[in-house]
Each structure stands twice: as structure tokens, then as C-alpha cells.
>>> print(open('input-v4.csv').read())   # CSV, C-alpha atoms
chain,number,residue,atom,x,y,z
B,1,MET,CA,0.0,0.0,0.0
B,2,ALA,CA,1.4,3.4,-1.0
B,3,GLY,CA,2.6,5.5,1.8
B,4,ALA,CA,2.7,2.7,4.4
B,5,SER,CA,5.7,2.5,6.6
B,6,CYS,CA,6.9,0.3,9.4
B,7,SER,CA,7.5,3.4,11.6
B,8,LEU,CA,3.7,3.7,12.2
B,9,ALA,CA,2.8,3.3,15.8
B,10,ASP,CA,-0.4,2.4,17.7
B,11,ASP,CA,-2.0,4.2,20.6
B,12,GLU,CA,0.7,2.8,22.9
B,13,LEU,CA,3.5,4.1,20.7
B,14,VAL,CA,4.6,0.6,19.7
B,15,THR,CA,5.8,0.7,16.1
B,16,LEU,CA,4.9,-1.8,13.4
B,17,PHE,CA,8.7,-2.5,13.2
B,18,VAL,CA,8.7,-3.6,16.8
B,19,LYS,CA,5.6,-5.7,16.4
B,20,LEU,CA,7.3,-7.6,13.6
B,21,ILE,CA,10.3,-8.2,15.8
B,22,GLN,CA,8.1,-9.5,18.6
B,23,ALA,CA,6.5,-11.9,16.1
B,24,ASN,CA,9.9,-13.2,15.1
B,25,LYS,CA,9.4,-12.2,11.4
B,26,THR,CA,13.1,-12.2,10.6
B,27,GLN,CA,12.9,-12.2,6.8
B,28,LEU,CA,10.2,-9.6,6.8
B,29,VAL,CA,12.3,-7.3,9.0
B,30,LEU,CA,15.3,-7.8,6.7
B,31,ALA,CA,13.1,-6.8,3.7
B,32,LEU,CA,11.9,-3.7,5.5
B,33,LEU,CA,15.4,-2.7,6.4
B,34,ARG,CA,16.4,-2.9,2.7
B,35,VAL,CA,13.4,-1.1,1.2
B,36,ASP,CA,11.9,1.1,3.9
B,37,PRO,CA,14.1,4.1,4.8
B,38,LYS,CA,11.9,4.7,7.9
B,39,ALA,CA,12.9,1.4,9.3
B,40,ILE,CA,16.4,2.7,10.0
B,41,SER,CA,15.0,5.7,11.9
B,42,VAL,CA,13.1,3.5,14.3
B,43,ILE,CA,15.6,0.7,14.7
B,44,ASN,CA,16.6,2.2,18.1
B,45,PHE,CA,13.1,3.4,19.1
B,46,PRO,CA,12.1,1.8,22.4
B,47,TYR,CA,8.6,1.0,23.6
B,48,VAL,CA,7.1,0.9,27.1
B,49,SER,CA,5.9,-2.4,28.5
B,50,GLY,CA,3.9,-3.0,31.7
B,51,TYR,CA,1.6,-0.9,33.8
B,52,SER,CA,1.8,2.7,34.9
B,53,TYR,CA,3.2,1.6,38.3
B,54,MET,CA,5.6,-1.1,37.0
B,55,THR,CA,6.9,-0.2,33.5
B,56,ASP,CA,9.9,-1.2,31.5
B,57,ILE,CA,11.5,0.5,28.5
B,58,ILE,CA,12.5,-2.1,26.0
B,59,PHE,CA,14.6,-1.5,22.9
B,60,PRO,CA,14.3,-3.7,19.7
B,61,VAL,CA,17.6,-5.4,20.3
B,62,VAL,CA,16.5,-6.3,23.8
B,63,CYS,CA,13.3,-7.8,22.4
B,64,THR,CA,15.3,-10.1,20.0
B,65,ILE,CA,17.4,-11.3,23.0
B,66,SER,CA,14.3,-12.0,25.0
B,67,ASN,CA,12.9,-14.1,22.0
B,68,GLU,CA,16.3,-15.8,21.6
B,69,ASN,CA,16.2,-14.8,17.9
B,70,TYR,CA,19.9,-14.2,17.4
B,71,ALA,CA,19.7,-14.1,13.7
B,72,MET,CA,17.4,-11.0,13.9
B,73,LEU,CA,19.8,-9.5,16.5
B,74,ALA,CA,22.7,-9.9,14.1
B,75,ALA,CA,20.6,-8.2,11.4
B,76,LEU,CA,19.7,-5.3,13.6
B,77,VAL,CA,23.3,-4.7,14.7
B,78,ALA,CA,24.4,-4.9,11.0
B,79,TYR,CA,22.0,-2.1,10.1
B,80,GLY,CA,23.1,0.2,12.9
B,81,ALA,CA,21.2,-0.9,16.1
B,82,LYS,CA,23.0,0.2,19.2
B,83,ILE,CA,24.1,-2.2,21.9
B,84,ALA,CA,25.1,0.6,24.3
B,85,PHE,CA,22.5,3.4,24.4
B,86,ASP,CA,23.2,7.0,24.7
B,87,GLU,CA,20.2,7.9,26.8
B,88,ASP,CA,20.1,6.9,30.5
B,89,VAL,CA,16.6,5.5,30.7
B,90,THR,CA,17.2,4.4,34.3
B,91,GLU,CA,16.9,8.0,35.5
B,92,ALA,CA,13.3,8.1,34.2
B,93,LEU,CA,12.6,4.6,35.5
B,94,ASN,CA,13.7,5.6,39.0
B,95,MET,CA,10.7,8.0,39.2
B,96,ARG,CA,8.3,5.1,39.0
B,97,PHE,CA,9.4,3.6,42.3
B,98,GLY,CA,6.5,3.8,44.7
B,99,GLY,CA,8.7,3.0,47.8
B,100,LYS,CA,12.3,2.8,48.7
B,101,ASP,CA,12.1,-1.0,49.0
B,102,SER,CA,12.0,-1.2,45.2
B,103,LYS,CA,15.6,0.1,45.0
B,104,ARG,CA,17.6,-3.1,45.1
B,105,SER,CA,20.8,-4.2,43.5
B,106,LEU,CA,21.3,-7.5,41.7
B,107,LEU,CA,23.2,-8.8,44.6
B,108,GLU,CA,20.3,-8.1,47.0
B,109,TRP,CA,17.9,-9.8,44.7
B,110,VAL,CA,20.0,-12.9,44.6
B,111,GLN,CA,20.4,-12.9,48.3
B,112,PHE,CA,16.6,-12.6,48.6
B,113,ALA,CA,16.2,-15.6,46.3
B,114,ILE,CA,18.5,-17.7,48.5
B,115,GLN,CA,16.5,-16.7,51.6
B,116,GLU,CA,13.2,-17.7,49.9
B,117,VAL,CA,14.7,-21.1,48.8
B,118,ASN,CA,15.9,-21.8,52.3
B,119,SER,CA,12.4,-20.9,53.7
B,120,SER,CA,10.8,-23.2,51.1
B,121,LEU,CA,13.1,-26.0,52.1
B,122,GLU,CA,12.2,-25.5,55.8
B,123,LYS,CA,8.5,-25.7,55.0
B,124,LEU,CA,9.0,-28.9,53.1
B,125,ASP,CA,10.9,-30.4,56.0
B,126,SER,CA,8.1,-29.5,58.4
B,127,GLN,CA,5.5,-31.0,56.1
B,128,SER,CA,7.5,-34.2,55.9
B,129,GLU,CA,7.5,-34.7,59.7
B,130,LYS,CA,4.9,-37.2,60.9
B,131,ILE,CA,2.3,-36.2,63.3
B,132,GLU,CA,3.1,-37.6,66.7
B,133,GLU,CA,0.9,-40.4,68.0
B,134,LEU,CA,-1.0,-39.1,71.0
B,135,LYS,CA,-1.9,-42.0,73.2
B,136,LYS,CA,-5.1,-42.0,75.2
B,137,ASP,CA,-4.6,-40.9,78.8
B,138,GLU,CA,-7.0,-41.6,81.6
B,139,LYS,CA,-6.7,-37.9,82.6
B,140,LEU,CA,-8.3,-36.8,79.4
B,141,SER,CA,-11.9,-35.7,79.5
B,142,PRO,CA,-14.4,-37.7,77.5
B,143,TRP,CA,-14.8,-35.1,74.8
B,144,LYS,CA,-11.0,-34.8,74.3
B,145,ALA,CA,-10.7,-38.6,74.1
B,146,TYR,CA,-13.5,-38.6,71.5
B,147,CYS,CA,-11.7,-35.9,69.4
B,148,LEU,CA,-8.5,-37.9,69.5
B,149,ASP,CA,-10.3,-41.0,68.2
B,150,HIS,CA,-11.8,-38.9,65.5
B,151,LEU,CA,-8.4,-37.5,64.5
B,152,GLN,CA,-7.0,-41.0,64.3
B,153,SER,CA,-9.8,-42.1,61.9
B,154,LEU,CA,-9.0,-39.1,59.6
B,155,LYS,CA,-5.4,-40.1,59.0
B,156,PRO,CA,-4.6,-40.5,55.3
B,157,ARG,CA,-4.2,-43.9,53.7
B,158,LYS,CA,-0.7,-45.3,53.3
B,159,GLU,CA,-0.6,-44.9,49.5
B,160,ILE,CA,-1.6,-41.2,49.8
B,161,THR,CA,1.2,-40.6,52.3
B,162,GLU,CA,3.7,-42.3,50.0
B,163,LEU,CA,2.6,-40.2,47.1
B,164,GLN,CA,3.0,-37.0,49.1
B,165,LYS,CA,6.5,-38.1,50.2
B,166,GLU,CA,7.4,-38.5,46.5
B,167,GLN,CA,6.1,-35.1,45.6
B,168,ASN,CA,7.9,-33.5,48.5
B,169,GLU,CA,11.2,-35.2,47.5
B,170,GLU,CA,10.8,-33.9,43.9
B,171,GLN,CA,10.1,-30.4,45.1
B,172,ARG,CA,13.0,-30.6,47.5
B,173,ARG,CA,15.3,-31.6,44.6
B,174,ILE,CA,14.1,-28.6,42.6
B,175,TRP,CA,14.7,-26.2,45.5
B,176,LYS,CA,18.1,-27.6,46.2
B,177,ASN,CA,19.2,-27.1,42.6
B,178,LEU,CA,17.9,-23.5,42.7
B,179,LYS,CA,19.9,-23.0,45.9
B,180,VAL,CA,23.1,-24.2,44.3
B,181,TYR,CA,22.5,-21.9,41.3
B,182,PHE,CA,21.7,-18.8,43.3
B,183,THR,CA,24.6,-19.5,45.6
B,184,ASP,CA,27.0,-19.7,42.6
B,185,VAL,CA,25.6,-16.5,41.2
B,186,GLU,CA,26.1,-14.7,44.6
B,187,ARG,CA,29.6,-16.0,44.8
B,188,LEU,CA,30.3,-14.7,41.3
B,189,LEU,CA,28.8,-11.3,42.1
B,190,VAL,CA,30.8,-11.0,45.3
B,191,SER,CA,34.0,-11.9,43.5
B,192,ARG,CA,33.3,-9.1,41.0
B,193,ASN,CA,32.8,-6.6,43.9
B,194,ALA,CA,29.1,-6.4,43.6
B,195,LYS,CA,27.5,-4.0,46.0
B,196,THR,CA,24.2,-3.3,47.6
B,197,TYR,CA,22.1,-0.3,46.6
B,198,LYS,CA,23.0,1.6,49.7
B,199,GLU,CA,26.7,1.0,49.0
B,200,MET,CA,26.4,2.2,45.5
B,201,TYR,CA,24.3,5.3,46.3
B,202,PRO,CA,25.3,6.3,49.9
B,203,ASN,CA,23.9,9.8,49.5
B,204,ASP,CA,20.4,8.6,48.5
B,205,MET,CA,18.2,9.3,51.5
B,206,ASP,CA,15.5,7.0,50.1
B,207,ALA,CA,17.8,4.0,50.1
B,208,PRO,CA,16.2,0.9,51.5
B,209,ASP,CA,17.0,-0.4,55.0
B,210,LEU,CA,16.6,-3.8,56.5
B,211,GLN,CA,13.8,-2.7,58.8
B,212,GLY,CA,11.5,-1.4,56.0
B,213,PHE,CA,7.9,-2.4,55.8
B,214,LEU,CA,8.4,-4.4,52.6
B,215,SER,CA,12.1,-5.2,53.0
B,216,LEU,CA,13.3,-8.1,51.0
B,217,LEU,CA,15.8,-9.1,53.7
B,218,PRO,CA,14.1,-8.4,57.0
B,219,VAL,CA,16.0,-8.9,60.2
B,220,ALA,CA,13.9,-10.4,63.0
B,221,VAL,CA,15.2,-9.4,66.4
B,222,PRO,CA,13.6,-11.6,69.1
B,223,PRO,CA,12.8,-10.0,72.4
B,224,PRO,CA,15.2,-10.7,75.3
B,225,GLN,CA,14.1,-13.6,77.5
B,226,ALA,CA,15.3,-14.9,80.8
B,227,PRO,CA,17.2,-18.2,80.8
B,228,GLY,CA,14.9,-21.2,81.3
B,229,LYS,CA,11.8,-19.1,80.9
B,230,THR,CA,9.3,-20.3,78.3
B,231,GLU,CA,6.9,-18.0,76.5
B,232,PRO,CA,3.3,-18.5,77.7
B,233,ILE,CA,0.5,-19.3,75.4
B,234,LYS,CA,-1.2,-16.2,74.1
B,235,TYR,CA,-4.9,-16.2,73.6
B,236,GLU,CA,-6.1,-14.0,70.8
B,237,LEU,CA,-9.3,-12.8,69.3
B,238,MET,CA,-10.2,-14.4,66.0
B,239,SER,CA,-9.6,-11.2,64.1
B,240,GLU,CA,-6.1,-10.9,65.6
B,241,HIS,CA,-5.6,-14.6,65.0
B,242,SER,CA,-6.4,-14.2,61.3
B,243,TRP,CA,-4.0,-11.3,60.9
B,244,ASN,CA,-1.1,-12.6,62.9
B,245,GLY,CA,-0.9,-16.0,61.3
B,246,ARG,CA,-2.0,-16.4,57.7
B,247,GLU,CA,-1.4,-20.1,57.6
B,248,THR,CA,-3.2,-20.8,60.8
B,249,TRP,CA,-6.0,-18.6,59.6
B,250,PHE,CA,-6.2,-20.6,56.4
B,251,LEU,CA,-6.6,-23.8,58.4
B,252,SER,CA,-8.9,-22.5,61.1
B,253,ILE,CA,-11.3,-20.3,59.1
B,254,LYS,CA,-11.3,-21.2,55.4
B,255,GLN,CA,-10.9,-25.0,55.9
B,256,THR,CA,-13.7,-24.9,58.5
B,257,SER,CA,-16.0,-23.1,56.0
B,258,MET,CA,-15.1,-25.6,53.3
B,259,MET,CA,-15.9,-28.6,55.6
B,260,ASN,CA,-19.3,-27.0,56.5
B,261,SER,CA,-20.2,-26.3,52.8
B,262,SER,CA,-22.3,-28.6,50.7
B,263,LYS,CA,-19.3,-29.7,48.7
B,264,PRO,CA,-17.5,-32.7,50.3
B,265,ALA,CA,-14.1,-31.8,51.7
B,266,SER,CA,-11.1,-33.5,50.2
B,267,ARG,CA,-8.9,-35.8,52.2
B,268,LYS,CA,-6.1,-33.3,52.1
B,269,THR,CA,-8.4,-30.6,53.5
B,270,ILE,CA,-9.5,-33.0,56.3
B,271,GLN,CA,-5.9,-33.8,57.1
B,272,GLN,CA,-4.9,-30.1,57.4
B,273,TYR,CA,-7.9,-29.4,59.6
B,274,SER,CA,-7.1,-32.4,61.7
B,275,THR,CA,-3.5,-31.3,62.2
B,276,TYR,CA,-4.7,-27.9,63.4
B,277,VAL,CA,-7.2,-29.4,65.8
B,278,TYR,CA,-4.6,-31.8,67.1
B,279,GLN,CA,-2.1,-28.9,67.8
B,280,LEU,CA,-4.9,-26.9,69.5
B,281,LEU,CA,-5.8,-29.8,71.8
B,282,LYS,CA,-2.2,-30.5,72.6
B,283,ALA,CA,-1.6,-26.9,73.5
B,284,MET,CA,-4.7,-26.8,75.7
B,285,SER,CA,-3.7,-30.0,77.5
B,286,GLU,CA,-0.1,-28.8,78.2
B,287,SER,CA,-1.0,-25.3,79.3
B,288,PRO,CA,-4.7,-24.8,80.3
B,289,PRO,CA,-6.1,-21.3,80.5
B,290,SER,CA,-5.9,-19.4,83.7
B,291,LYS,CA,-8.9,-18.8,85.9
B,292,SER,CA,-9.0,-15.2,84.9
B,293,LEU,CA,-10.0,-16.3,81.4
>>> encode(input="input-v4.csv", output="C-alpha cells")
Amino acid sequence: MAGASCSLADDELVTLFVKLIQANKTQLVLALLRVDPKAISVINFPYVSGYSYMTDIIFPVVCTISNENYAMLAALVAYGAKIAFDEDVTEALNMRFGGKDSKRSLLEWVQFAIQEVNSSLEKLDSQSEKIEELKKDEKLSPWKAYCLDHLQSLKPRKEITELQKEQNEEQRRIWKNLKVYFTDVERLLVSRNAKTYKEMYPNDMDAPDLQGFLSLLPVAVPPPQAPGKTEPIKYELMSEHSWNGRETWFLSIKQTSMMNSSKPASRKTIQQYSTYVYQLLKAMSESPPSKSL
């Protein structure tokens, strides 16, 4: 069509040239670079991706790398595409940060990934632990003994337990491989003198700290406790209970509503609910409420 050009852009300022690159149309892009003079003018024209609060500026050569289309990357470089850009787009991107916790270096992100992997491994280990057998005691009240009998009847079958173990082992293998990978990346970054954001920009007053609300590497400082003194059981309102412990809330509230619904509860749901009830009964038997309650 006469007058058409690959430099035309849509309402989001994404040119036709970029859309062809996104679609991996290598031969068509090469043809446009040969016959359309406007293609050279937009070969380094970036586009904005994402939402208003989380945007990225992507250049055509970066798009080819993301698509692993190295033939198109070589063609763009041959026709004058830049590898090192003159404009510092990071200055404009810094204005989109909604909070100081978004300012993280690559080293901090890798350290955060290692922490998350360790946390996931700990959760898998806790899931793999068997629930202790609680024997009947003559001191138990009748309703507690009845609850214990009911919990024993809700234990999963042996084949389900074995399947869960296999799934946990597979997931553990994946997390361990990720831990090795991120640890190697961290070691490489440290050997190249990688720094945290605060070390790179010491004069930035908005630099993140470890005690921030959304800090990626929070530092939990436990309160001082006298030797040999155990923390007493704290009784909470249901609203406080749901806010302070998300996992416990999921077991005590959502699973209860699922069991009371018309839809039959799955065996996994019953097992999770039974575990929570068991822990609650055990805590009540070990440390009964005071008379003031």
C-alpha cells in the first residue's frame, strides 16, 4: 500500500517494526530494512511495557534477545542498532518507584532468592514430619478422648502418604538445585565486587534499609528472654488470629467453612484441619487457660 511505513505506531507508541520483531518475522524485518528508509529511523526506538506503576523501557535489540532470535539480533546490529544506548533511561525509570524497598541491586535480589529457597526447604521439611501419636490418657476428659479418636480415623491412607512423600522429594530436589544456582551467582557477584544499593548510592536518602515495611531481607530481632523461661500461650481474638498467622487462619477459618459447605471436603483438607485441631488440643492439655479467662 502506497505511503505505508513500518514506523507507524499504535496508541501505545509501539511501532509496526517492533511488532514484527516481537512476532519473530526475521525475513520480513530484513526486507523492510532494505526497502523502507523509515525502518532505520526506528531501529533504536524503544517501547514501554507493563503498567503505569511497573513499567519497563524495551529496545528492539533487547526484544530479540528475549525471544532468543539471534539471527534477527545480528541483522539489527548490522543495520546500525545500538548495543550501548546514549540515553540513560534508568533516570526516568527511577521516578516510578513507589517505595524505597524497590531500590535493590542485583546482589540483593540474589540474596533474597537464596533466603526464599531456604524458607521453602524448611517448609518442606516441616511438612514431611509425621504427626506424633498421641496416646489415650485416663486424665483426658471424654470429649478430648472422642476428638483424639476422630483424628486417628481421619489419617490419610498409606498410599496417599507415600505419594505425598514422593512429591515433596521432587520439590526438594528442585529447591536444592535452585539454591546451588543462586549461591553460585552470589559467589560470582561478590568476586566481582558487587554492592548493595546503599553501598552504590550512599547519598540517597531513600535508600532501603533492612527494617523497612516491605524489605526483602528483613532482620527479625527476638525480644530478650530470661534463661529457662518459656513463652506462655497467648490467647487471641479471631480477628487478631487471622491477621497474625496467615497459615493458621487458612486452616482454622477457610478450611472450616469448606468442611461446612455442601461440597464434600477432600482428604487433604480434612488432614490439614485435623492437624490444626490436634495442635490446638495438645496446647490446651499442656497449658490450660488461667482462671481469669
>>> atom_distance(input="input-v4.csv", atom1="CA of Thr183 (chain B)", atom2="CA of Ile114 (chain B)")
7.0 Å
>>> atom_distance(input="input-v4.csv", atom1="CA of Thr196 (chain B)", atom2="CA of Ala113 (chain B)")
14.7 Å
>>> residues_around(input="input-v4.csv", residues="region 4-11 of chain B", least_positions_apart="6", cutoff="9 Å", atoms="all atoms listed in the file", output="PyMOL selection string")
chain B and resi 17-18+20+32+36-39+41-42
>>> write_last_selection(input="input-v4.csv", atoms="C-alpha atoms", output="PDB file, keeping the file's coordinate frame")
ATOM      1  CA  PHE B  17       8.700  -2.500  13.200  1.00  0.00           C
ATOM      2  CA  VAL B  18       8.700  -3.600  16.800  1.00  0.00           C
ATOM      3  CA  LEU B  20       7.300  -7.600  13.600  1.00  0.00           C
ATOM      4  CA  LEU B  32      11.900  -3.700   5.500  1.00  0.00           C
ATOM      5  CA  ASP B  36      11.900   1.100   3.900  1.00  0.00           C
ATOM      6  CA  PRO B  37      14.100   4.100   4.800  1.00  0.00           C
ATOM      7  CA  LYS B  38      11.900   4.700   7.900  1.00  0.00           C
ATOM      8  CA  ALA B  39      12.900   1.400   9.300  1.00  0.00           C
ATOM      9  CA  SER B  41      15.000   5.700  11.900  1.00  0.00           C
ATOM     10  CA  VAL B  42      13.100   3.500  14.300  1.00  0.00           C
TER      11      VAL B  42
END
>>> atom_distance(input="input-v4.csv", atom1="CA of Tyr47 (chain B)", atom2="CA of Pro60 (chain B)")
8.4 Å
>>> closest_residue(input="input-v4.csv", among="B:Leu30, B:Leu107, B:Ile58, B:Leu121", to="Leu76 (chain B)", atoms="all atoms listed in the file")
B:Leu30
>>> residues_around(input="input-v4.csv", residues="region 23-29 of chain B", least_positions_apart="4", cutoff="7 Å", atoms="all atoms listed in the file", output="PyMOL selection string")
chain B and resi 19+33+72
>>> closest_residue(input="input-v4.csv", among="B:Val110, B:Ile43, B:Ile65, B:Val48", to="Tyr181 (chain B)", atoms="only C-alpha atoms")
B:Val110
>>> residues_around(input="input-v4.csv", residues="Gln111 (chain B)", least_positions_apart="6", cutoff="12 Å", atoms="all atoms listed in the file", output="list in words")
Arg104, Ser105, Val117, Asn118, Lys179, Tyr181, Phe182, Thr183, Asp184, Val185, Glu186, Arg187, Leu189, Val190, Ala194, Lys195, Thr196, Leu216, Leu217 and Pro218 of chain B
